[in-house]
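Dumped final-v5.cif below, it's mmCIF, C-alpha atoms:
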data_query
#
loop_
_atom_site.label_atom_id
_atom_site.label_comp_id
_atom_site.auth_asym_id
_atom_site.auth_seq_id
_atom_site.Cartn_x
_atom_site.Cartn_y
_atom_site.Cartn_z
CA MET T 1 -5.01 -14.75 -6.93
CA ILE T 2 -5.58 -14.27 -10.65
CA GLU T 3 -9.15 -13.61 -11.69
CA ASP T 4 -8.83 -11.91 -15.04
CA PRO T 5 -8.12 -14.49 -17.77
CA MET T 6 -6.04 -11.84 -19.52
CA ASP T 7 -3.77 -11.72 -16.49
CA ARG T 8 -3.28 -15.44 -16.74
CA LEU T 9 -2.36 -15.18 -20.40
CA LEU T 10 0.04 -12.32 -19.77
CA GLN T 11 1.65 -14.21 -16.94
CA GLN T 12 2.36 -16.96 -19.40
CA ALA T 13 3.68 -14.40 -21.85
CA ARG T 14 5.97 -13.08 -19.11
CA ASP T 15 7.83 -16.37 -19.20
CA ASP T 16 7.63 -17.11 -22.90
CA TYR T 17 7.19 -14.00 -25.05
CA ASN T 18 10.49 -12.98 -26.66
CA GLN T 19 12.38 -14.54 -23.80
CA PRO T 20 15.96 -13.36 -24.33
CA PRO T 21 18.86 -15.77 -24.54
CA THR T 22 22.15 -15.09 -22.79
CA PRO T 23 23.48 -11.83 -24.21
CA PRO T 24 26.53 -12.19 -26.47
CA ARG T 25 28.40 -9.72 -24.26
CA GLU T 26 31.91 -10.05 -25.62
CA GLU T 27 30.77 -10.12 -29.21
CA MET T 28 28.74 -6.95 -28.75
CA TRP T 29 31.54 -5.20 -26.88
CA ALA T 30 33.99 -6.05 -29.66
CA ALA T 31 31.60 -4.47 -32.18
CA ILE T 32 31.18 -1.38 -30.00
CA GLU T 33 34.94 -0.99 -29.66
CA ALA T 34 35.38 -1.41 -33.41
CA ARG T 35 32.89 1.36 -34.03
CA LYS T 36 34.66 3.58 -31.50
CA ARG T 37 37.99 2.98 -33.22
CA ILE T 38 36.53 3.88 -36.59
CA ARG T 39 35.13 7.12 -35.20
CA GLN T 40 38.39 8.06 -33.50
CA ARG T 41 40.73 7.18 -36.37
CA PRO T 42 41.47 10.15 -38.61
CA SER T 43 40.30 9.34 -42.07
CA PRO T 44 43.09 9.12 -44.66
CA LEU T 45 40.80 11.05 -46.97
CA ARG T 46 40.40 13.83 -44.46
CA GLN T 47 43.48 15.69 -45.61
CA ILE T 48 42.23 15.53 -49.17
CA ILE T 49 38.64 16.36 -48.39
CA TRP T 50 39.48 19.55 -46.54
CA PRO T 51 41.19 21.32 -49.41
CA LEU T 52 38.57 19.98 -51.81
CA GLY T 53 35.80 21.22 -49.54
CA ILE T 54 37.42 24.60 -49.22
CA ALA T 55 37.86 24.83 -52.97
CA ALA T 56 34.21 23.93 -53.48
CA LEU T 57 33.12 26.49 -50.92
CA LEU T 58 35.20 29.15 -52.59
CA ALA T 59 33.39 28.37 -55.82
CA VAL T 60 30.06 28.65 -54.02
CA GLY T 61 31.11 31.95 -52.50
CA PHE T 62 32.04 33.20 -55.94
CA GLY T 63 28.61 32.27 -57.24
CA LEU T 64 26.91 33.96 -54.32
CA GLY T 65 28.97 37.05 -54.90
CA ARG T 66 27.76 37.26 -58.46
CA LEU T 67 24.17 36.73 -57.40
CA THR T 68 24.36 39.53 -54.88
CA GLU T 69 26.18 41.84 -57.24
CA ASN T 70 23.57 41.51 -60.00
CA ARG T 71 20.61 41.57 -57.57
CA GLU T 72 18.70 39.36 -60.02
CA PRO T 73 19.40 35.89 -58.70
CA VAL T 74 16.95 34.04 -60.92
CA VAL T 75 18.28 35.49 -64.14
CA VAL T 76 21.86 34.94 -63.09
CA ALA T 77 21.15 31.42 -61.96
CA THR T 78 19.56 30.41 -65.25
CA ASP T 79 22.12 32.05 -67.48
CA PRO T 80 25.39 32.24 -65.62
CA PRO T 81 28.52 33.55 -67.15
CA VAL T 82 31.25 30.98 -67.03
CA GLN T 83 34.02 32.81 -65.35
CA GLN T 84 37.06 31.81 -63.42
CA GLY T 85 38.86 34.24 -61.23
CA PRO T 86 39.60 35.40 -57.74
CA ILE T 87 36.85 34.95 -55.24
CA SER T 88 35.50 37.47 -52.81
CA PRO T 89 36.62 36.46 -49.31
CA ALA T 90 33.36 37.83 -47.98
CA MET T 91 31.37 35.47 -50.17
CA ALA T 92 33.52 32.51 -49.30
CA GLY T 93 33.00 33.39 -45.67
CA ALA T 94 29.25 33.53 -46.14
CA ALA T 95 29.16 30.08 -47.69
CA LEU T 96 31.35 28.67 -44.95
CA GLN T 97 29.16 30.28 -42.36
CA HIS T 98 26.10 28.59 -43.84
CA LEU T 99 27.61 25.13 -43.55
CA SER T 100 28.88 25.94 -40.09
CA ARG T 101 25.46 27.19 -38.98
CA THR T 102 23.83 24.08 -40.41
CA GLU T 103 26.28 21.87 -38.57
CA THR T 104 25.67 23.74 -35.32
CA PHE T 105 21.92 23.60 -35.83
CA LEU T 106 21.82 19.87 -36.58
CA THR T 107 24.13 19.09 -33.67
CA GLY T 108 21.83 21.06 -31.37
CA PHE T 109 18.77 19.37 -32.84
CA ARG T 110 20.35 15.95 -32.35
CA LEU T 111 21.10 16.66 -28.70
CA GLU T 112 17.69 18.18 -28.07
CA ALA T 113 15.90 15.26 -29.75
CA SER T 114 17.77 12.80 -27.55
CA ALA T 115 16.46 14.44 -24.40
CA ARG T 116 12.97 15.66 -25.18
CA VAL T 117 10.51 16.73 -27.84
CA PRO T 118 12.42 19.48 -29.66
CA ASP T 119 11.27 23.01 -28.95
CA PRO T 120 9.41 24.63 -31.90
CA SER T 121 11.57 27.74 -31.57
CA LEU T 122 14.64 25.57 -32.26
CA LEU T 123 12.94 23.86 -35.20
CA ALA T 124 12.11 27.25 -36.73
CA GLY T 125 15.77 27.66 -37.65
CA ALA T 126 15.49 24.76 -40.13
CA ARG T 127 13.32 26.73 -42.56
CA ASP T 128 15.84 29.54 -42.73
CA LEU T 129 18.71 27.16 -43.38
CA LEU T 130 16.62 25.27 -45.91
CA GLY T 131 16.22 28.42 -48.01
CA THR T 132 19.94 29.10 -48.07
CA THR T 133 20.68 25.48 -48.91
CA ARG T 134 18.33 25.68 -51.88
CA LEU T 135 19.97 28.91 -52.99
CA LEU T 136 23.37 27.22 -52.98
CA LEU T 137 22.04 24.22 -54.89
CA ASP T 138 20.49 26.52 -57.48
CA SER T 139 23.80 28.21 -58.05
CA PRO T 140 25.30 26.95 -61.34
CA GLU T 141 28.73 27.86 -60.02
CA LEU T 142 28.52 24.97 -57.62
CA LYS T 143 29.96 22.17 -59.67
CA ASP T 144 31.56 20.00 -57.01
CA GLN T 145 29.42 16.88 -57.04
CA ARG T 146 30.40 15.85 -53.52
CA MET T 147 29.32 19.20 -52.20
CA ARG T 148 26.08 19.11 -54.18
CA GLN T 149 25.34 15.65 -52.78
CA LEU T 150 25.97 16.87 -49.25
CA LEU T 151 23.73 19.89 -49.77
CA ARG T 152 20.98 17.71 -51.23
CA GLU T 153 21.12 15.47 -48.16
CA LEU T 154 21.09 18.52 -45.91
CA GLU T 155 18.09 19.82 -47.79
CA VAL T 156 16.17 16.58 -47.12
CA VAL T 157 17.09 16.56 -43.43
CA LEU T 158 16.29 20.24 -42.97
CA ALA T 159 12.97 19.80 -44.76
CA GLN T 160 12.07 16.96 -42.38
CA VAL T 161 13.04 19.07 -39.38
CA ALA T 162 11.09 22.04 -40.71
CA GLN T 163 8.01 19.86 -41.13
CA LEU T 164 8.43 18.67 -37.58
CA GLN T 165 7.75 22.21 -36.41
CA ALA T 166 4.03 21.85 -37.13
CA ASP T 167 3.57 18.78 -34.96
CA PRO T 168 6.74 17.92 -33.06
CA THR T 169 6.85 14.41 -31.61
CA ARG T 170 9.78 12.64 -30.08
CA GLU T 171 9.28 9.60 -32.27
CA ASP T 172 9.54 11.62 -35.48
CA ALA T 173 12.54 13.50 -34.10
CA ASP T 174 14.17 10.18 -33.22
CA LEU T 175 13.55 8.93 -36.72
CA ILE T 176 15.26 11.98 -38.22
CA VAL T 177 18.21 11.59 -35.85
CA HIS T 178 18.49 7.92 -36.71
CA GLU T 179 18.57 8.68 -40.43
CA LEU T 180 21.05 11.48 -39.80
CA ASP T 181 23.34 9.05 -38.00
CA GLU T 182 22.88 6.22 -40.45
CA GLN T 183 23.79 8.39 -43.40
CA GLY T 184 26.71 9.98 -41.55
CA VAL T 185 25.63 13.46 -42.60
CA LEU T 186 27.14 15.31 -39.66
CA PRO T 187 30.63 13.78 -39.89
CA ARG T 188 30.76 14.57 -43.60
CA LEU T 189 29.51 18.07 -42.93
CA ARG T 190 32.20 18.57 -40.30
CA THR T 191 34.95 17.44 -42.63
CA SER T 192 33.80 20.08 -45.10
CA ILE T 193 34.19 22.90 -42.60
CA PRO T 194 37.61 24.23 -41.66
CA ALA T 195 38.19 24.65 -37.93
CA GLY T 196 36.80 27.83 -36.45
CA PRO T 197 33.45 28.74 -34.99
CA ALA T 198 30.62 30.39 -36.83
CA ALA T 199 27.99 30.59 -34.19
CA TYR T 200 24.41 29.98 -35.12
CA THR T 201 21.78 32.19 -33.67
CA PRO T 202 18.18 30.96 -34.09
CA GLY T 203 16.21 33.32 -36.24
CA GLU T 204 19.33 34.86 -37.73
CA SER T 205 19.25 34.92 -41.50
CA MET B 1 11.71 -4.35 -10.32
CA THR B 2 13.83 -1.27 -10.03
CA ILE B 3 15.39 0.67 -12.88
CA ARG B 4 18.36 1.73 -10.81
CA ALA B 5 20.90 -1.03 -11.21
CA ILE B 6 23.83 0.28 -9.15
CA PRO B 7 22.86 3.88 -8.50
CA GLY B 8 25.60 5.56 -6.53
CA ASN B 9 28.65 4.21 -8.28
CA ASP B 10 27.54 5.01 -11.81
CA ARG B 11 28.35 8.67 -11.36
CA ALA B 12 31.95 7.98 -10.43
CA VAL B 13 32.36 5.66 -13.39
CA ILE B 14 30.76 8.19 -15.74
CA ALA B 15 33.16 10.84 -14.48
CA ARG B 16 36.08 8.54 -15.24
CA ALA B 17 34.71 7.81 -18.70
CA LEU B 18 34.38 11.52 -19.42
CA VAL B 19 38.05 12.13 -18.72
CA GLY B 20 39.05 9.34 -21.05
CA ASP B 21 39.50 6.31 -18.80
CA PRO B 22 39.05 3.45 -21.29
CA ALA B 23 38.11 0.98 -18.57
CA ALA B 24 35.22 3.12 -17.42
CA GLU B 25 33.10 2.62 -20.53
CA ARG B 26 33.63 -1.11 -20.27
CA GLU B 27 32.57 -0.97 -16.65
CA LEU B 28 29.37 0.87 -17.54
CA TYR B 29 28.77 -1.67 -20.28
CA ASP B 30 29.26 -4.61 -17.94
CA ARG B 31 26.91 -3.14 -15.40
CA HIS B 32 24.05 -2.48 -17.78
CA VAL B 33 24.37 -4.71 -20.82
CA ASP B 34 22.23 -7.57 -19.52
CA ARG B 35 19.31 -5.33 -18.70
CA VAL B 36 19.58 -3.36 -21.95
CA TYR B 37 19.82 -6.51 -24.05
CA ARG B 38 16.88 -8.01 -22.21
CA LEU B 39 14.72 -4.93 -22.84
CA VAL B 40 15.73 -4.72 -26.47
CA TYR B 41 15.22 -8.43 -27.10
CA ARG B 42 11.78 -8.35 -25.51
CA MET B 43 10.84 -5.60 -27.94
CA ALA B 44 12.62 -6.89 -31.04
CA GLY B 45 12.16 -10.65 -30.59
CA ASP B 46 15.18 -11.40 -32.75
CA ALA B 47 18.75 -12.10 -31.66
CA GLU B 48 20.37 -10.30 -34.58
CA LEU B 49 18.25 -7.18 -34.16
CA ALA B 50 18.72 -7.24 -30.40
CA ARG B 51 22.47 -7.34 -30.81
CA GLU B 52 22.44 -4.51 -33.33
CA PHE B 53 20.15 -2.28 -31.29
CA THR B 54 22.02 -2.95 -28.04
CA GLN B 55 25.33 -2.01 -29.66
CA ASP B 56 23.76 1.08 -31.18
CA ALA B 57 22.33 2.11 -27.81
CA PHE B 58 25.71 1.88 -26.07
CA VAL B 59 27.54 3.68 -28.87
CA ARG B 60 25.03 6.51 -28.72
CA ALA B 61 25.12 6.63 -24.95
CA PHE B 62 28.92 6.87 -24.92
CA ASP B 63 28.79 9.55 -27.62
CA ARG B 64 26.36 11.59 -25.58
CA LEU B 65 27.75 10.86 -22.16
CA ALA B 66 28.70 14.51 -21.66
CA THR B 67 25.03 15.45 -22.07
CA PHE B 68 23.92 13.16 -19.23
CA ARG B 69 22.85 15.63 -16.59
CA GLY B 70 21.91 13.18 -13.88
CA GLU B 71 18.27 14.24 -13.76
CA SER B 72 17.39 10.55 -13.90
CA SER B 73 19.53 7.56 -13.07
CA PHE B 74 22.05 6.52 -15.70
CA SER B 75 20.18 3.26 -16.01
CA THR B 76 16.95 5.05 -16.91
CA TRP B 77 18.77 7.38 -19.30
CA LEU B 78 20.47 4.45 -21.02
CA GLY B 79 17.22 2.47 -21.09
CA SER B 80 15.39 5.34 -22.78
CA ILE B 81 18.09 5.51 -25.47
CA ALA B 82 17.86 1.73 -25.98
CA ILE B 83 14.09 1.80 -26.33
CA SER B 84 14.22 4.77 -28.66
CA VAL B 85 16.80 3.04 -30.85
CA THR B 86 14.75 -0.16 -30.85
CA LEU B 87 11.41 1.44 -31.66
CA THR B 88 12.93 3.60 -34.39
CA GLY B 89 14.82 0.65 -35.85
CA LEU B 90 11.76 -1.58 -35.83
CA ARG B 91 9.65 1.17 -37.37
CA GLN B 92 12.14 1.69 -40.16
CA ARG B 93 12.18 -1.99 -40.94
CA LYS B 94 8.41 -2.12 -40.92
CA ARG B 95 8.28 0.74 -43.37
CA ARG B 96 10.95 -0.83 -45.49
CA TRP B 97 9.22 -4.13 -45.63
CA ASP B 98 5.81 -2.53 -45.97
CA ARG B 99 4.46 -4.85 -43.33
CA GLU B 100 3.00 -2.34 -40.96
CA GLN B 101 -0.39 -3.44 -39.87
CA ASP B 102 -2.79 -1.70 -37.57
CA LEU B 103 -4.64 -4.06 -35.28
CA GLU B 104 -7.73 -1.86 -35.45
CA VAL B 105 -8.20 -2.58 -39.11
CA ALA B 106 -6.71 -6.05 -39.10
CA GLU B 107 -8.81 -9.13 -39.36
CA PRO B 108 -9.28 -11.08 -36.16
CA VAL B 109 -6.45 -13.50 -35.64
CA ALA B 110 -8.64 -16.41 -36.61
CA ALA B 111 -12.26 -16.86 -37.43
CA VAL B 112 -12.32 -20.43 -36.20
CA LYS B 113 -11.75 -21.32 -32.61
CA PRO B 114 -8.51 -23.25 -32.29
CA ALA B 115 -8.51 -26.58 -30.61
CA LEU B 116 -5.15 -26.52 -28.88
CA GLU B 117 -3.79 -24.44 -26.02
CA PRO B 118 -0.40 -23.89 -27.74
CA ASP B 119 -2.30 -22.30 -30.57
CA LEU B 120 -3.86 -19.79 -28.19
CA ARG B 121 -0.42 -18.88 -26.90
CA ARG B 122 0.84 -18.37 -30.42
CA LYS B 123 -2.16 -16.18 -31.21
CA LEU B 124 -1.49 -14.14 -28.10
CA PHE B 125 2.12 -13.56 -29.09
CA GLU B 126 1.09 -12.61 -32.61
CA ALA B 127 -1.46 -10.20 -31.20
CA ILE B 128 1.22 -8.61 -29.00
CA ASP B 129 3.51 -8.32 -32.02
CA ARG B 130 0.81 -6.47 -33.89
CA LEU B 131 0.12 -3.90 -31.21
CA PRO B 132 1.08 -0.34 -32.13
CA ASP B 133 4.61 0.43 -30.97
CA GLY B 134 3.66 2.63 -28.04
CA TYR B 135 1.13 0.16 -26.67
CA ARG B 136 3.47 -2.77 -27.10
CA ALA B 137 6.30 -0.96 -25.36
CA VAL B 138 4.13 -0.20 -22.34
CA LEU B 139 2.73 -3.74 -22.25
CA VAL B 140 6.17 -5.34 -22.44
CA LEU B 141 7.73 -3.02 -19.88
CA HIS B 142 4.88 -3.13 -17.37
CA GLU B 143 3.27 -6.54 -17.76
CA LEU B 144 6.25 -8.62 -18.82
CA GLU B 145 9.23 -6.82 -17.29
CA GLY B 146 7.49 -5.58 -14.18
CA TYR B 147 8.31 -1.86 -14.36
CA THR B 148 5.99 0.53 -12.57
CA HIS B 149 4.09 3.11 -14.59
CA GLU B 150 6.40 5.80 -13.21
CA GLU B 151 9.41 3.84 -14.46
CA VAL B 152 7.76 3.15 -17.82
CA GLY B 153 7.00 6.85 -18.11
CA ALA B 154 10.64 7.74 -17.45
CA LEU B 155 11.87 5.19 -19.99
CA LEU B 156 9.47 6.21 -22.74
CA GLY B 157 9.39 9.92 -22.01
CA ILE B 158 5.67 9.90 -21.30
CA ASP B 159 3.48 10.71 -18.32
CA PRO B 160 2.70 7.78 -15.97
CA GLY B 161 -0.99 8.42 -16.63
CA THR B 162 -0.37 8.00 -20.34
CA SER B 163 1.39 4.73 -19.60
CA LYS B 164 -1.68 3.49 -17.71
CA ALA B 165 -4.00 4.58 -20.50
CA GLN B 166 -1.88 2.91 -23.16
CA LEU B 167 -1.76 -0.31 -21.16
CA PHE B 168 -5.53 -0.27 -20.84
CA ARG B 169 -5.89 0.16 -24.60
CA ALA B 170 -3.28 -2.50 -25.29
CA ARG B 171 -5.16 -5.02 -23.18
CA ALA B 172 -8.41 -4.06 -24.87
CA LYS B 173 -6.84 -4.67 -28.26
CA LEU B 174 -5.59 -8.05 -27.14
CA ARG B 175 -9.07 -8.96 -25.94
CA THR B 176 -10.49 -7.98 -29.31
CA ALA B 177 -7.84 -9.91 -31.19
CA LEU B 178 -8.30 -13.01 -29.08
CA GLY B 179 -12.06 -12.77 -28.98
CA PRO B 180 -12.73 -15.96 -30.94
CA HIS B 181 -10.52 -17.82 -28.46
CA ALA B 182 -12.21 -16.51 -25.34
CA GLY B 183 -13.45 -19.90 -24.37
CA ASP B 184 -9.90 -21.18 -24.05
CA TRP B 185 -8.97 -18.64 -21.42
CA ASN B 186 -10.76 -20.39 -18.62
CA ARG B 187 -9.39 -23.83 -19.17
#
Just give me the structure as structure tokens.
Amino acid sequence: MIEDPMDRLLQQARDDYNQPPTPPREEMWAAIEARKRIRQRPSPLRQIIWPLGIAALLAVGFGLGRLTENREPVVVATDPPVQQGPISPAMAGAALQHLSRTETFLTGFRLEASARVPDPSLLAGARDLLGTTRLLLDSPELKDQRMRQLLRELEVVLAQVAQLQADPTREDADLIVHELDEQGVLPRLRTSIPAGPAAYTPGES
Amino acid sequence: MTIRAIPGNDRAVIARALVGDPAAERELYDRHVDRVYRLVYRMAGDAELAREFTQDAFVRAFDRLATFRGESSFSTWLGSIAISVTLTGLRQRKRRWDREQDLEVAEPVAAVKPALEPDLRRKLFEAIDRLPDGYRAVLVLHELEGYTHEEVGALLGIDPGTSKAQLFRARAKLRTALGPHAGDWNR
């Protein structure tokens, strides 16, 4: 027996509101398979991007080396000497490690956000990575526009994640993940990193 | 209604999918696509969006299959991904189109009592569309799709008590929105 008029209305809505048609099963499956194929197929640009990425990272490492050597990063950054030459492997390694740590962090964040509200201790790592990203972007030695674009996108994502730390909600985390996926940030980040682990430890600087 | 579509066998199919059996993903898709599409369509109300969100949900689920720990049924896990994709996608479009409207500050649906019953139904549907996302999700899942509050909680990642509270508020908002039409309810 229905006594509440609202129940009667909702019962009507049950039959009529956004009543789905027959799902286009085969059409959707074809689209899913197409997306899977795209993800699995090695990009023809991949072989070009890797060396380019490595070259860009070497340049970044060189810039970082100069910053550390002079111990006056602001002055060096605003008035850099234009210099070409061999790069410190240690600096190149540091730059690679930053991208690798960022990739590991964002992958972990993406997984965490899919399961639950991300833990604030995980989110705390974003601020640290954000600072290093800004340092790289401020380096005048970094001239590779593709790399700068990637770092700028990482900066935006990391800033969003860092802000999430104050009031983490699953909806906001989902939104960040969705944008991350839509813009394909992680795949592009991965193609910029040569194979080999550089483990990220939360809180490590 | 139960969330668990075909509980026991999903695990075996998932295991096959994880070792690269191409037929296994299709099998999971066939088992769950109707329910996922139905949920997504109920939320999105548009065939094109429903198709896009359903595809996105399956792609994400297959990508993350290794992270499925079996703490809930696969059906619930997949449903929560689908709802998350749908709500996020709808929210992005609302922001993009700058059409977000909060029912609390919105004008009543109409100041003049409509004469026809179909008009009341249309007003009801519009009022449901304008509910905040969380309220609308609970209303659709519980009132229209018949999920229990425990199942709604599992799908939305909220406590069952929160689901009940949000449903209460959703109904209250509908009453407010349909206030001028109250006389039509008892026809």
List, as number ranges by chain, every residue that the PyMOL selection byres ((chain T) within 10 of (chain B)) selects in the file provided. T: 3-33, 35-36, 111-112, 114-117, 170-179, 181
Identify which of the residues B:Arg31, B:Lys173, B:Arg93, B:Pro160 lies closest to Pro132 of chain B, counting all atoms listed in the file when measuring atom-to-atom distances.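 Answer, going by the shortest atom-to-atom distance: B:Lys173.
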Atom CA of Tyr147 of chain B sits from atom CA of Lys123 of chain B at a separation of 24.5 Å
Find, counting all atoms listed in the file, the residue in T:Leu142, T:Gln97, T:Ala34, T:Ala113 that gets nearest to Pro168 of chain T.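 Ranking T:Leu142, T:Gln97, T:Ala34, T:Ala113 by distance to Pro168 of chain T, first place goes to T:Ala113.
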Distance in Å - atom CA of Arg11 of chain B versus atom CA of Phe74 of chain B: 7.9 Å
Tell me, as a PyMOL selection string, which residues lie within 12 Å of Gly131 of chain T, counting only C-alpha atoms; anything in the same chain fewer than 3 positions away does not count. chain T and resi 98+102+125-128+134-138+151+154-156+158-159+162+205
Could you tell me how far atom CA of Phe53 of chain B lies from atom CA of Thr86 of chain B, in Å and to one decimal?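 Distance between the two atoms: 5.8 Å.
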Applying 9 Å and all atoms listed in the file, which residues near Thr162 of chain B remain after dropping the ones on its own chain fewer than 5 positions away? List them as an NGL selection string. :B and (149 or 153 or 167)
